[in-house]
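> My file is final35.txt. It has compact mmCIF, C-alpha atoms and all ligand atoms:
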```txt
# COMPACT_ATOMS: atom_id res chain seq x y z
CA MET M 1 -95.68 -52.18 -71.84
CA THR M 2 -96.94 -54.40 -69.06
CA ASP M 3 -100.08 -53.91 -66.98
CA ARG M 4 -97.94 -52.52 -64.18
CA ASP M 5 -96.41 -49.69 -66.22
CA ASN M 6 -97.56 -46.18 -65.33
CA THR M 7 -100.06 -47.14 -62.68
CA ALA M 8 -101.01 -44.57 -60.05
CA GLU M 9 -99.14 -46.66 -57.46
CA ASP M 10 -95.90 -46.34 -59.38
CA ALA M 11 -96.24 -42.60 -59.73
CA VAL M 12 -95.74 -41.95 -56.00
CA ALA M 13 -92.76 -43.45 -54.20
CA PRO M 14 -94.07 -45.59 -51.34
CA TYR M 15 -93.91 -43.92 -47.96
CA ILE M 16 -94.64 -45.52 -44.60
CA GLY M 17 -94.10 -43.36 -41.56
CA ARG M 18 -94.92 -43.87 -37.93
CA PHE M 19 -95.32 -42.26 -34.53
CA ALA M 20 -94.00 -44.50 -31.78
CA PRO M 21 -94.75 -43.08 -28.34
CA SER M 22 -93.71 -44.77 -25.13
CA PRO M 23 -96.76 -44.84 -22.84
CA THR M 24 -94.96 -43.20 -19.93
CA GLY M 25 -97.57 -40.47 -19.53
CA PRO M 26 -99.99 -38.32 -21.53
CA LEU M 27 -99.02 -36.52 -24.71
CA HIS M 28 -97.51 -33.04 -24.13
CA ILE M 29 -96.27 -30.30 -26.42
CA GLY M 30 -92.88 -32.07 -26.86
CA SER M 31 -94.37 -35.38 -27.99
CA LEU M 32 -97.06 -33.58 -30.00
CA VAL M 33 -94.30 -31.91 -32.04
CA ALA M 34 -92.84 -35.32 -32.96
CA ALA M 35 -96.31 -36.69 -33.74
CA MET M 36 -97.19 -33.67 -35.88
CA ALA M 37 -93.95 -33.74 -37.87
CA SER M 38 -94.25 -37.45 -38.65
CA TYR M 39 -97.96 -37.12 -39.50
CA LEU M 40 -97.43 -34.15 -41.82
CA ASP M 41 -94.43 -35.75 -43.49
CA ALA M 42 -96.58 -38.78 -44.32
CA LYS M 43 -99.37 -36.52 -45.64
CA VAL M 44 -97.02 -34.44 -47.81
CA HIS M 45 -95.65 -37.65 -49.33
CA GLN M 46 -99.11 -39.22 -49.68
CA GLY M 47 -97.95 -42.01 -47.46
CA ARG M 48 -99.30 -44.15 -44.66
CA TRP M 49 -98.93 -43.11 -41.03
CA LEU M 50 -98.78 -45.86 -38.42
CA VAL M 51 -98.98 -45.61 -34.66
CA ARG M 52 -97.03 -48.03 -32.51
CA ILE M 53 -97.12 -48.01 -28.72
CA GLU M 54 -93.59 -48.69 -27.48
CA ASP M 55 -94.40 -50.39 -24.22
CA VAL M 56 -91.44 -52.78 -23.99
CA ASP M 57 -90.09 -51.05 -20.91
CA GLY M 58 -92.53 -52.53 -18.40
CA ASP M 59 -91.08 -50.43 -15.55
CA ARG M 60 -91.81 -47.10 -17.20
CA ASN M 61 -95.29 -47.82 -18.57
CA VAL M 62 -98.09 -45.87 -16.94
CA ALA M 63 -101.45 -47.66 -16.89
CA GLY M 64 -103.90 -46.07 -19.31
CA ALA M 65 -101.31 -43.74 -20.90
CA ASP M 66 -101.54 -45.60 -24.23
CA GLN M 67 -105.29 -45.01 -24.52
CA HIS M 68 -104.88 -41.42 -23.38
CA ILE M 69 -102.28 -40.76 -26.10
CA LEU M 70 -104.46 -42.39 -28.79
CA ALA M 71 -107.45 -40.32 -27.69
CA SER M 72 -105.32 -37.15 -27.84
CA LEU M 73 -104.22 -37.93 -31.39
CA GLN M 74 -107.85 -38.42 -32.38
CA ARG M 75 -108.94 -35.22 -30.63
CA CYS M 76 -106.29 -33.39 -32.68
CA GLY M 77 -107.60 -34.92 -35.90
CA MET M 78 -104.55 -37.12 -36.45
CA ASP M 79 -105.99 -40.37 -37.74
CA TRP M 80 -103.62 -43.26 -38.22
CA ASP M 81 -103.67 -45.92 -40.93
CA GLY M 82 -104.30 -49.56 -40.07
CA GLU M 83 -104.31 -51.04 -36.60
CA VAL M 84 -102.33 -49.61 -33.71
CA THR M 85 -99.58 -52.02 -32.62
CA TRP M 86 -98.22 -52.63 -29.11
CA GLN M 87 -94.63 -53.79 -28.75
CA SER M 88 -95.50 -55.89 -25.72
CA ARG M 89 -97.54 -58.12 -28.06
CA ARG M 90 -94.71 -58.58 -30.54
CA THR M 91 -92.04 -60.25 -28.44
CA ASP M 92 -91.96 -63.33 -30.73
CA LEU M 93 -90.49 -61.10 -33.42
CA TYR M 94 -87.75 -59.97 -31.04
CA GLU M 95 -86.93 -63.60 -30.18
CA GLN M 96 -86.65 -64.39 -33.89
CA ALA M 97 -84.35 -61.43 -34.43
CA LEU M 98 -82.19 -62.56 -31.54
CA ARG M 99 -81.76 -65.94 -33.20
CA ARG M 100 -80.86 -64.26 -36.49
CA LEU M 101 -78.14 -62.24 -34.76
CA GLY M 102 -76.48 -65.53 -33.72
CA ASP M 103 -72.86 -65.20 -32.58
CA LEU M 104 -72.98 -61.43 -32.56
CA VAL M 105 -74.87 -61.69 -29.26
CA TYR M 106 -73.35 -62.67 -25.93
CA PRO M 107 -74.54 -62.86 -22.33
CA CYS M 108 -73.13 -60.29 -19.96
CA GLY M 109 -72.89 -60.70 -16.20
CA CYS M 110 -71.72 -57.18 -15.31
CA SER M 111 -73.70 -54.83 -13.10
CA ARG M 112 -74.01 -51.12 -13.86
CA ARG M 113 -71.72 -50.44 -10.93
CA GLU M 114 -68.98 -52.66 -12.39
CA ILE M 115 -69.27 -50.95 -15.77
CA ALA M 116 -69.17 -47.52 -14.12
CA ASP M 117 -66.11 -48.52 -12.06
CA SER M 118 -64.31 -49.61 -15.20
CA GLN M 119 -64.73 -46.10 -16.58
CA LEU M 120 -63.33 -44.13 -13.69
CA GLY M 121 -61.01 -41.58 -15.19
CA LEU M 122 -63.06 -41.11 -18.37
CA THR M 123 -64.66 -37.73 -18.85
CA GLY M 124 -67.53 -36.10 -20.72
CA ARG M 125 -69.79 -37.98 -23.08
CA GLN M 126 -67.81 -41.20 -22.93
CA ALA M 127 -68.22 -41.61 -19.18
CA GLN M 128 -71.85 -40.48 -19.22
CA ALA M 129 -72.87 -43.09 -21.76
CA LEU M 130 -71.33 -45.98 -19.79
CA ILE M 131 -69.40 -47.55 -22.63
CA TYR M 132 -69.14 -51.24 -21.95
CA PRO M 133 -65.48 -52.33 -21.58
CA GLY M 134 -66.13 -55.74 -23.14
CA THR M 135 -65.52 -57.77 -19.97
CA CYS M 136 -67.85 -60.66 -20.94
CA ARG M 137 -67.18 -60.55 -24.68
CA HIS M 138 -65.21 -63.79 -24.66
CA GLY M 139 -67.26 -65.56 -22.01
CA LEU M 140 -68.71 -64.93 -18.57
CA ALA M 141 -66.10 -64.53 -15.86
CA PRO M 142 -66.12 -67.41 -13.31
CA GLY M 143 -68.82 -67.00 -10.72
CA LYS M 144 -70.89 -64.63 -12.90
CA SER M 145 -74.31 -65.42 -14.29
CA ALA M 146 -75.88 -63.93 -17.38
CA ARG M 147 -77.84 -60.72 -16.73
CA ALA M 148 -78.22 -58.92 -20.05
CA LEU M 149 -77.60 -59.79 -23.70
CA ARG M 150 -75.22 -57.56 -25.63
CA LEU M 151 -74.51 -57.12 -29.32
CA LYS M 152 -70.85 -57.11 -30.39
CA VAL M 153 -69.64 -53.97 -32.12
CA PRO M 154 -66.45 -54.47 -34.21
CA GLN M 155 -63.34 -53.25 -32.39
CA SER M 156 -60.69 -53.33 -35.06
CA PRO M 157 -61.11 -51.58 -37.30
CA HIS M 158 -63.55 -49.35 -35.42
CA CYS M 159 -67.15 -49.45 -36.56
CA VAL M 160 -67.95 -45.97 -37.89
CA ILE M 161 -71.51 -45.36 -39.05
CA GLY M 162 -72.77 -42.34 -40.90
CA PHE M 163 -76.12 -41.27 -42.29
CA ASP M 164 -77.74 -38.21 -43.80
CA ASP M 165 -80.47 -36.83 -41.61
CA ARG M 166 -82.96 -34.75 -43.58
CA TRP M 167 -83.04 -32.07 -40.86
CA ALA M 168 -79.65 -32.30 -39.16
CA GLY M 169 -77.50 -33.13 -42.21
CA HIS M 170 -74.66 -35.65 -42.08
CA ILE M 171 -74.19 -37.45 -38.76
CA GLY M 172 -71.33 -39.81 -38.04
CA GLN M 173 -70.58 -41.86 -34.97
CA ASP M 174 -67.71 -44.12 -34.00
CA LEU M 175 -69.84 -46.86 -32.53
CA THR M 176 -66.84 -48.65 -31.04
CA ASP M 177 -65.81 -45.61 -28.99
CA GLU M 178 -69.16 -43.93 -28.42
CA ALA M 179 -71.48 -46.88 -27.82
CA GLY M 180 -69.51 -50.11 -27.44
CA ASP M 181 -71.22 -53.50 -27.26
CA PHE M 182 -74.75 -52.49 -26.41
CA VAL M 183 -77.62 -54.19 -24.61
CA ILE M 184 -80.38 -55.74 -26.70
CA LYS M 185 -82.10 -57.60 -23.86
CA ARG M 186 -81.94 -56.09 -20.43
CA ALA M 187 -80.97 -57.63 -17.11
CA ASP M 188 -84.59 -57.23 -15.94
CA GLY M 189 -85.76 -59.39 -18.86
CA PHE M 190 -87.25 -56.55 -20.95
CA TRP M 191 -86.25 -56.19 -24.60
CA ALA M 192 -84.13 -53.11 -25.17
CA TYR M 193 -85.63 -50.21 -27.11
CA GLN M 194 -82.81 -50.39 -29.71
CA LEU M 195 -83.71 -53.92 -30.76
CA ALA M 196 -87.49 -53.57 -30.60
CA VAL M 197 -87.58 -50.35 -32.63
CA VAL M 198 -85.40 -51.77 -35.42
CA VAL M 199 -87.31 -55.04 -35.63
CA ASP M 200 -90.68 -53.27 -35.69
CA ASP M 201 -89.71 -50.61 -38.22
CA GLY M 202 -88.35 -53.40 -40.44
CA ASP M 203 -91.39 -55.64 -39.98
CA GLN M 204 -93.84 -52.79 -40.62
CA GLY M 205 -91.97 -51.68 -43.75
CA VAL M 206 -91.33 -48.19 -42.37
CA THR M 207 -89.53 -46.13 -45.01
CA ASP M 208 -89.34 -42.81 -43.15
CA ILE M 209 -88.61 -42.17 -39.50
CA VAL M 210 -89.48 -38.70 -38.25
CA ARG M 211 -88.88 -38.19 -34.52
CA GLY M 212 -87.16 -36.02 -31.93
CA ALA M 213 -83.46 -35.14 -32.09
CA ASP M 214 -82.91 -36.75 -28.68
CA LEU M 215 -82.79 -40.01 -30.67
CA LEU M 216 -80.07 -38.88 -33.11
CA ASP M 217 -77.46 -40.51 -30.89
CA SER M 218 -79.30 -43.83 -30.97
CA THR M 219 -79.63 -43.91 -34.75
CA PRO M 220 -76.15 -45.32 -35.55
CA ARG M 221 -76.81 -48.25 -33.18
CA GLN M 222 -80.09 -48.83 -34.98
CA LEU M 223 -78.39 -48.68 -38.39
CA TYR M 224 -75.83 -51.23 -37.21
CA LEU M 225 -78.62 -53.53 -36.01
CA GLN M 226 -80.48 -53.11 -39.31
CA GLN M 227 -77.35 -54.17 -41.18
CA ALA M 228 -76.84 -57.15 -38.89
CA LEU M 229 -80.46 -58.24 -39.45
CA GLY M 230 -80.36 -57.59 -43.21
CA LEU M 231 -83.09 -54.93 -43.01
CA PRO M 232 -83.34 -51.96 -45.37
CA ARG M 233 -82.27 -48.54 -44.10
CA PRO M 234 -85.13 -46.04 -43.75
CA ARG M 235 -84.71 -42.29 -44.25
CA TYR M 236 -84.44 -40.19 -41.08
CA LEU M 237 -85.59 -36.75 -40.08
CA HIS M 238 -84.95 -35.68 -36.49
CA VAL M 239 -86.82 -32.55 -35.44
CA PRO M 240 -85.51 -30.33 -32.62
CA VAL M 241 -86.81 -31.20 -29.17
CA VAL M 242 -88.87 -28.82 -27.08
CA VAL M 243 -87.00 -27.88 -23.92
CA ASN M 244 -88.03 -26.10 -20.71
CA ALA M 245 -86.43 -22.93 -19.32
CA LEU M 246 -83.56 -25.03 -17.95
CA GLY M 247 -82.84 -26.50 -21.37
CA GLU M 248 -84.18 -29.93 -20.36
CA LYS M 249 -86.19 -32.02 -22.82
CA LEU M 250 -89.86 -31.69 -21.90
CA SER M 251 -91.32 -34.67 -20.12
CA LYS M 252 -93.62 -35.25 -17.21
CA GLN M 253 -90.55 -35.12 -14.94
CA THR M 254 -89.40 -31.76 -16.31
CA GLY M 255 -92.77 -30.08 -15.97
CA ALA M 256 -94.50 -30.61 -19.32
CA MET M 257 -98.21 -29.81 -19.23
CA ALA M 258 -100.23 -32.96 -19.94
CA PHE M 259 -102.58 -32.93 -22.90
CA ASP M 260 -106.19 -32.39 -21.77
CA ASN M 261 -108.47 -34.66 -23.79
CA GLY M 262 -111.51 -32.86 -22.42
CA ALA M 263 -110.47 -29.40 -23.63
CA PRO M 264 -112.70 -27.77 -26.28
CA PRO M 265 -111.38 -27.77 -29.89
CA ASP M 266 -110.51 -24.09 -29.84
CA GLN M 267 -108.31 -24.57 -26.80
CA LEU M 268 -106.57 -27.57 -28.45
CA LEU M 269 -105.94 -25.41 -31.47
CA GLN M 270 -104.64 -22.38 -29.59
CA GLN M 271 -102.69 -24.16 -26.87
CA ALA M 272 -101.42 -27.28 -28.60
CA LEU M 273 -101.61 -27.43 -32.39
CA LEU M 274 -100.65 -23.85 -33.28
CA PRO M 275 -97.74 -23.66 -30.79
CA ALA M 276 -96.42 -27.06 -32.01
CA ALA M 277 -96.63 -25.86 -35.63
CA ARG M 278 -94.79 -22.63 -34.76
CA PHE M 279 -92.09 -24.63 -33.00
CA LEU M 280 -91.59 -26.61 -36.22
CA GLY M 281 -91.14 -23.38 -38.17
CA MET M 282 -94.54 -23.40 -39.87
CA ASP M 283 -96.60 -20.31 -40.46
CA VAL M 284 -100.17 -21.58 -40.06
CA GLN M 285 -103.35 -19.51 -39.65
CA ALA M 286 -106.49 -21.46 -38.76
CA ASP M 287 -109.72 -21.15 -36.78
CA THR M 288 -110.66 -24.82 -36.71
CA ILE M 289 -108.82 -28.12 -36.36
CA GLU M 290 -109.78 -29.15 -39.93
CA GLY M 291 -108.58 -25.80 -41.22
CA PHE M 292 -105.36 -26.26 -39.28
CA TRP M 293 -104.47 -29.48 -41.13
CA ARG M 294 -105.44 -27.99 -44.49
CA ALA M 295 -102.99 -25.15 -43.90
CA ALA M 296 -100.32 -27.19 -42.11
CA THR M 297 -99.73 -29.67 -44.92
CA PRO M 298 -98.43 -27.08 -47.45
CA ALA M 299 -96.66 -25.29 -44.60
CA TRP M 300 -94.71 -28.47 -43.82
CA ALA M 301 -93.88 -28.86 -47.52
CA GLN M 302 -92.42 -25.35 -47.31
CA VAL M 303 -90.33 -26.29 -44.23
CA LEU M 304 -89.01 -29.30 -46.16
CA ARG M 305 -87.88 -27.10 -49.05
CA ASN M 306 -85.45 -25.35 -46.68
CA LEU M 307 -83.90 -28.49 -45.18
CA PRO M 308 -80.33 -29.48 -46.02
CA ILE M 309 -81.35 -32.85 -47.47
CA SER M 310 -84.49 -33.49 -49.47
CA ARG M 311 -86.19 -36.84 -49.40
N1 LIG I 1 -90.64 -44.59 -28.05
C1 LIG I 1 -89.71 -43.51 -28.21
C2 LIG I 1 -90.14 -42.32 -27.39
O1 LIG I 1 -91.30 -42.19 -27.04
C3 LIG I 1 -89.60 -43.04 -29.65
C4 LIG I 1 -88.92 -44.05 -30.47
C5 LIG I 1 -88.76 -43.69 -31.92
O2 LIG I 1 -89.48 -42.85 -32.46
O3 LIG I 1 -87.90 -44.33 -32.52
O4 LIG I 1 -89.30 -41.49 -27.08
```
Using the file provided, produce a representation of the structure as structure tokens.

Amino acid sequence: MTDRDNTAEDAVAPYIGRFAPSPTGPLHIGSLVAAMASYLDAKVHQGRWLVRIEDVDGDRNVAGADQHILASLQRCGMDWDGEVTWQSRRTDLYEQALRRLGDLVYPCGCSRREIADSQLGLTGRQAQALIYPGTCRHGLAPGKSARALRLKVPQSPHCVIGFDDRWAGHIGQDLTDEAGDFVIKRADGFWAYQLAVVVDDGDQGVTDIVRGADLLDSTPRQLYLQQALGLPRPRYLHVPVVVNALGEKLSKQTGAMAFDNGAPPDQLLQQALLPAARFLGMDVQADTIEGFWRAATPAWAQVLRNLPISR
């Protein structure tokens, strides 16, 4: 036996989770659901829970929204581990990753209009997602200058990526047909979400990603990037997204009610925490915020027992 045998650390599999909001506005019931699920999953697995502000998209950031979100998490009693990170302060890491990707990356001179024109005649999902036709794959056409950077996705054979989502079960995507060569640095100079999220999750040692199902479609691109960068694959759990009466994902634009950091604790409990817990399928009774978390942790463990795939 060595000193390291049977230590407390070894008894529990390491777990690092995270909540990664984009600071495009205050927290609302939809983003609170994602925050709550990732927080509780970390608690149930005795793991660490990190918070990372995903502010790479400079055009969509709203001044002060990051601090507002952090204050809301604290008001709800969701304390994070370690320091909060901001993606806008980590661009050196994205540059390094770009260099590691080497020849898989190429400059693209096409405008959105040109890509859309190349898809006339396509229908449904394919057309909506603007699959890149590969125009600049073998070099910029004469007279074009580089706008964005794209990552090559194998064409032949097709690149098919599958993973087991703890909530949604097995998900497969033909990346060649359904995503195509995708942007990792945008024409406006901002790093693309897909690259930044993969680099950060890898760098921060995230083992478990719990987030909204609107990101299920992005996951195969992220798995492909992880492979290309030699990063380990985390586990995934995508919770359903809260929608409005029109079936649209809740956001500021679709009428979500902003989180009120000045509201008294009882109101936060009744109007935010308990409804979010119910949405996640948890049966929680509580009169205080502390009592809520005491009851919610075993309630989440119960939700997990009914999922198709256990951790
Ligand atoms: N920043 C993304 C959002 O707010 C979430 C990204 C993620 O969890 O991977 O929708």
> Pick out the residues sitting within 9 Å of Lys152 of chain M, and hand them over as a PyMOL selection string; count all atoms listed in the file, and ignore anything fewer than 5 positions along from it in its own chain.
chain M and resi 103-106+134+137+180-182
> Which residues of chain M sit at most 9 Å from ligand LIG 1 (chain I), using all atoms listed in the file? Give each one's shortest atom pair and distance in Å (one decimal place), in chain and ascending residue order, as a tab-separated table.

```
residue	atom	partner	partner_atom	distance
M:Arg18	CA	I:LIG1	O2	7.8
M:Phe19	CA	I:LIG1	O2	6.2
M:Ala20	CA	I:LIG1	O2	4.9
M:Pro21	CA	I:LIG1	O1	3.8
M:Ser22	CA	I:LIG1	O1	4.0
M:Pro23	CA	I:LIG1	O1	7.4
M:Thr24	CA	I:LIG1	O1	8.1
M:Ser31	CA	I:LIG1	O1	7.5
M:Ala34	CA	I:LIG1	O2	8.3
M:Arg52	CA	I:LIG1	N1	8.5
M:Ile53	CA	I:LIG1	N1	7.4
M:Glu54	CA	I:LIG1	N1	5.1
M:Asp55	CA	I:LIG1	N1	7.9
M:Tyr193	CA	I:LIG1	N1	7.6
M:Gln194	CA	I:LIG1	O3	8.4
M:Val197	CA	I:LIG1	O3	6.0
M:Val198	CA	I:LIG1	O3	8.4
M:Asp201	CA	I:LIG1	O3	8.7
M:Ile209	CA	I:LIG1	O2	7.1
M:Val210	CA	I:LIG1	O2	7.1
M:Arg211	CA	I:LIG1	O2	5.1
M:Gly212	CA	I:LIG1	O2	7.2
M:Asp214	CA	I:LIG1	O4	8.1
M:Leu215	CA	I:LIG1	O3	6.9
M:Ser218	CA	I:LIG1	O3	8.8
M:Thr219	CA	I:LIG1	O3	8.6
```
> Convert the current residue selection to file output with C-alpha atoms, as a PDB file, in the coordinates of the input.

```
ATOM      1  CA  ARG M  18     -94.920 -43.870 -37.930  1.00  0.00           C
ATOM      2  CA  PHE M  19     -95.320 -42.260 -34.530  1.00  0.00           C
ATOM      3  CA  ALA M  20     -94.000 -44.500 -31.780  1.00  0.00           C
ATOM      4  CA  PRO M  21     -94.750 -43.080 -28.340  1.00  0.00           C
ATOM      5  CA  SER M  22     -93.710 -44.770 -25.130  1.00  0.00           C
ATOM      6  CA  PRO M  23     -96.760 -44.840 -22.840  1.00  0.00           C
ATOM      7  CA  THR M  24     -94.960 -43.200 -19.930  1.00  0.00           C
ATOM      8  CA  SER M  31     -94.370 -35.380 -27.990  1.00  0.00           C
ATOM      9  CA  ALA M  34     -92.840 -35.320 -32.960  1.00  0.00           C
ATOM     10  CA  ARG M  52     -97.030 -48.030 -32.510  1.00  0.00           C
ATOM     11  CA  ILE M  53     -97.120 -48.010 -28.720  1.00  0.00           C
ATOM     12  CA  GLU M  54     -93.590 -48.690 -27.480  1.00  0.00           C
ATOM     13  CA  ASP M  55     -94.400 -50.390 -24.220  1.00  0.00           C
ATOM     14  CA  TYR M 193     -85.630 -50.210 -27.110  1.00  0.00           C
ATOM     15  CA  GLN M 194     -82.810 -50.390 -29.710  1.00  0.00           C
ATOM     16  CA  VAL M 197     -87.580 -50.350 -32.630  1.00  0.00           C
ATOM     17  CA  VAL M 198     -85.400 -51.770 -35.420  1.00  0.00           C
ATOM     18  CA  ASP M 201     -89.710 -50.610 -38.220  1.00  0.00           C
ATOM     19  CA  ILE M 209     -88.610 -42.170 -39.500  1.00  0.00           C
ATOM     20  CA  VAL M 210     -89.480 -38.700 -38.250  1.00  0.00           C
ATOM     21  CA  ARG M 211     -88.880 -38.190 -34.520  1.00  0.00           C
ATOM     22  CA  GLY M 212     -87.160 -36.020 -31.930  1.00  0.00           C
ATOM     23  CA  ASP M 214     -82.910 -36.750 -28.680  1.00  0.00           C
ATOM     24  CA  LEU M 215     -82.790 -40.010 -30.670  1.00  0.00           C
ATOM     25  CA  SER M 218     -79.300 -43.830 -30.970  1.00  0.00           C
ATOM     26  CA  THR M 219     -79.630 -43.910 -34.750  1.00  0.00           C
TER      27      THR M 219
END
```
> Take atom CA of Gln155 of chain M and atom CA of Leu223 of chain M and report the distance between them in Å, one decimal.
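Atom CA of Leu223 of chain M lies at a distance of 16.8 Å from atom CA of Gln155 of chain M.
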> Give me the residues of segment 157-241 of chain M that have any atom at most 10 Å from an atom of segment 279-287 of chain M; for each, the nearest atom pair and the distance in Å, rounded to one decimal. Use all atoms listed in the file, sort by chain and number, and format it as a Markdown table.

```
| residue | atom | partner | partner_atom | distance |
| --- | --- | --- | --- | --- |
| M:Val239 | CA | M:Leu280 | CA | 7.7 |
| M:Pro240 | CA | M:Leu280 | CA | 8.0 |
| M:Val241 | CA | M:Phe279 | CA | 9.3 |
```
> Would you compute the distance between atom CA of Gly25 of chain M and atom CA of Leu216 of chain M? Give it in Å to one decimal.
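For atom CA of Gly25 of chain M relative to atom CA of Leu216 of chain M, the distance reads 22.2 Å.
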> In Å to one decimal, how far is atom CA of Pro232 of chain M from atom CA of Leu151 of chain M?
19.0 Å
> Taking 4 positions as the minimum chain separation for residues in the same chain, which residues sit within 9 Å of Pro265 of chain M when counting all atoms listed in the file? Answer as a PDB file with C-alpha atoms, in the coordinates of the input.

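File produced: around_26.pdb:
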```pdb
ATOM      1  CA  ARG M  75    -108.940 -35.220 -30.630  1.00  0.00           C
ATOM      2  CA  CYS M  76    -106.290 -33.390 -32.680  1.00  0.00           C
ATOM      3  CA  LEU M 269    -105.940 -25.410 -31.470  1.00  0.00           C
ATOM      4  CA  GLN M 270    -104.640 -22.380 -29.590  1.00  0.00           C
ATOM      5  CA  THR M 288    -110.660 -24.820 -36.710  1.00  0.00           C
ATOM      6  CA  ILE M 289    -108.820 -28.120 -36.360  1.00  0.00           C
TER       7      ILE M 289
END
```
> Taking only C-alpha atoms into account, which of M:Arg278, M:Arg90, M:His138, M:Arg233 comes nearest Met36 of chain M?
M:Arg278
> Would you list the residues near (-81.0, -55.2, -19.2), meaning any protein, DNA or RNA residue with an atom at most 7 Å from that point in file coordinates, counting all atoms listed in the file, as a list in words?
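Here the neighbourhood of the point contains Arg147, Ala148, Val183, Lys185, Arg186, Ala187, Asp188, Gly189 and Phe190 of chain M.
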> Which residue gives the smallest distance to Trp80 of chain M among M:Gly64, M:Pro133, M:His158, M:Ala42, with all atoms listed in the file counted?
M:Ala42
> What's around Leu40 of chain M at 8 Å? Count only C-alpha atoms, leave out sequence neighbours fewer than 4 positions away in its own chain, and write the answer as a compact mmCIF listing (two decimals) with C-alpha atoms, in the coordinates of the input.

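Printed below is around_16.txt as written:
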```
# COMPACT_ATOMS: atom_id res chain seq x y z
CA MET M 36 -97.19 -33.67 -35.88
CA VAL M 44 -97.02 -34.44 -47.81
CA ALA M 296 -100.32 -27.19 -42.11
CA THR M 297 -99.73 -29.67 -44.92
CA TRP M 300 -94.71 -28.47 -43.82
```
> Which residues are near Leu229 of chain M? Cut-off 12 Å, all atoms listed in the file, ignore same chain within fewer than 2 positions. Put them as a list in words.
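Skipping anything fewer than 2 positions along the chain leaves Tyr94, Gln96, Ala97, Leu98, Arg99, Arg100, Leu101, Gly102, Leu104, Leu151, Leu195, Val198, Val199, Asp200, Gly202, Asp203, Gln222, Leu223, Tyr224, Leu225, Gln226, Gln227, Leu231, Pro232 and Arg233 of chain M.
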> Determine the nearest neighbour of Phe163 of chain M from the options M:Asp217, M:Asp57, M:Asp177, M:Asp260, counting all atoms listed in the file.
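Distance minimum relative to Phe163 of chain M lands on M:Asp217.
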> Have a look at M:Gln271, M:Gln302, M:Gln204, M:Asn244 and name the one nearest to Leu93 of chain M; count all atoms listed in the file.
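Ranking M:Gln271, M:Gln302, M:Gln204, M:Asn244 by distance to Leu93 of chain M, first place goes to M:Gln204.
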> Counting all atoms listed in the file, what is within 9 Å of segment 110-115 of chain M, bar same-chain residues fewer than 3 positions away, as an MDAnalysis selection string?
chainID M and resid 118:119 130:133 135:136 140 144:148 187
> Closest to Val242 of chain M among M:Leu27, M:Ala276, M:Val206, M:Ala228, using all atoms listed in the file?
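Counting all atoms listed in the file, the residue closest to Val242 of chain M is M:Ala276.
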> Using all atoms listed in the file for the distances, tell me which of M:Ala299, M:Leu175, M:Leu307, M:Leu237 is nearest to Asp208 of chain M.
M:Leu237
> Taking every listed atom of segment 138-151 of chain M and adding 6 Å to each side, what centre and edge lengths in Å (one decimal) does the axis-aligned box have, as JSON?

```
{"center_x": -71.7, "center_y": -62.3, "center_z": -20.0, "size_x": 25.0, "size_y": 22.3, "size_z": 30.6}
```
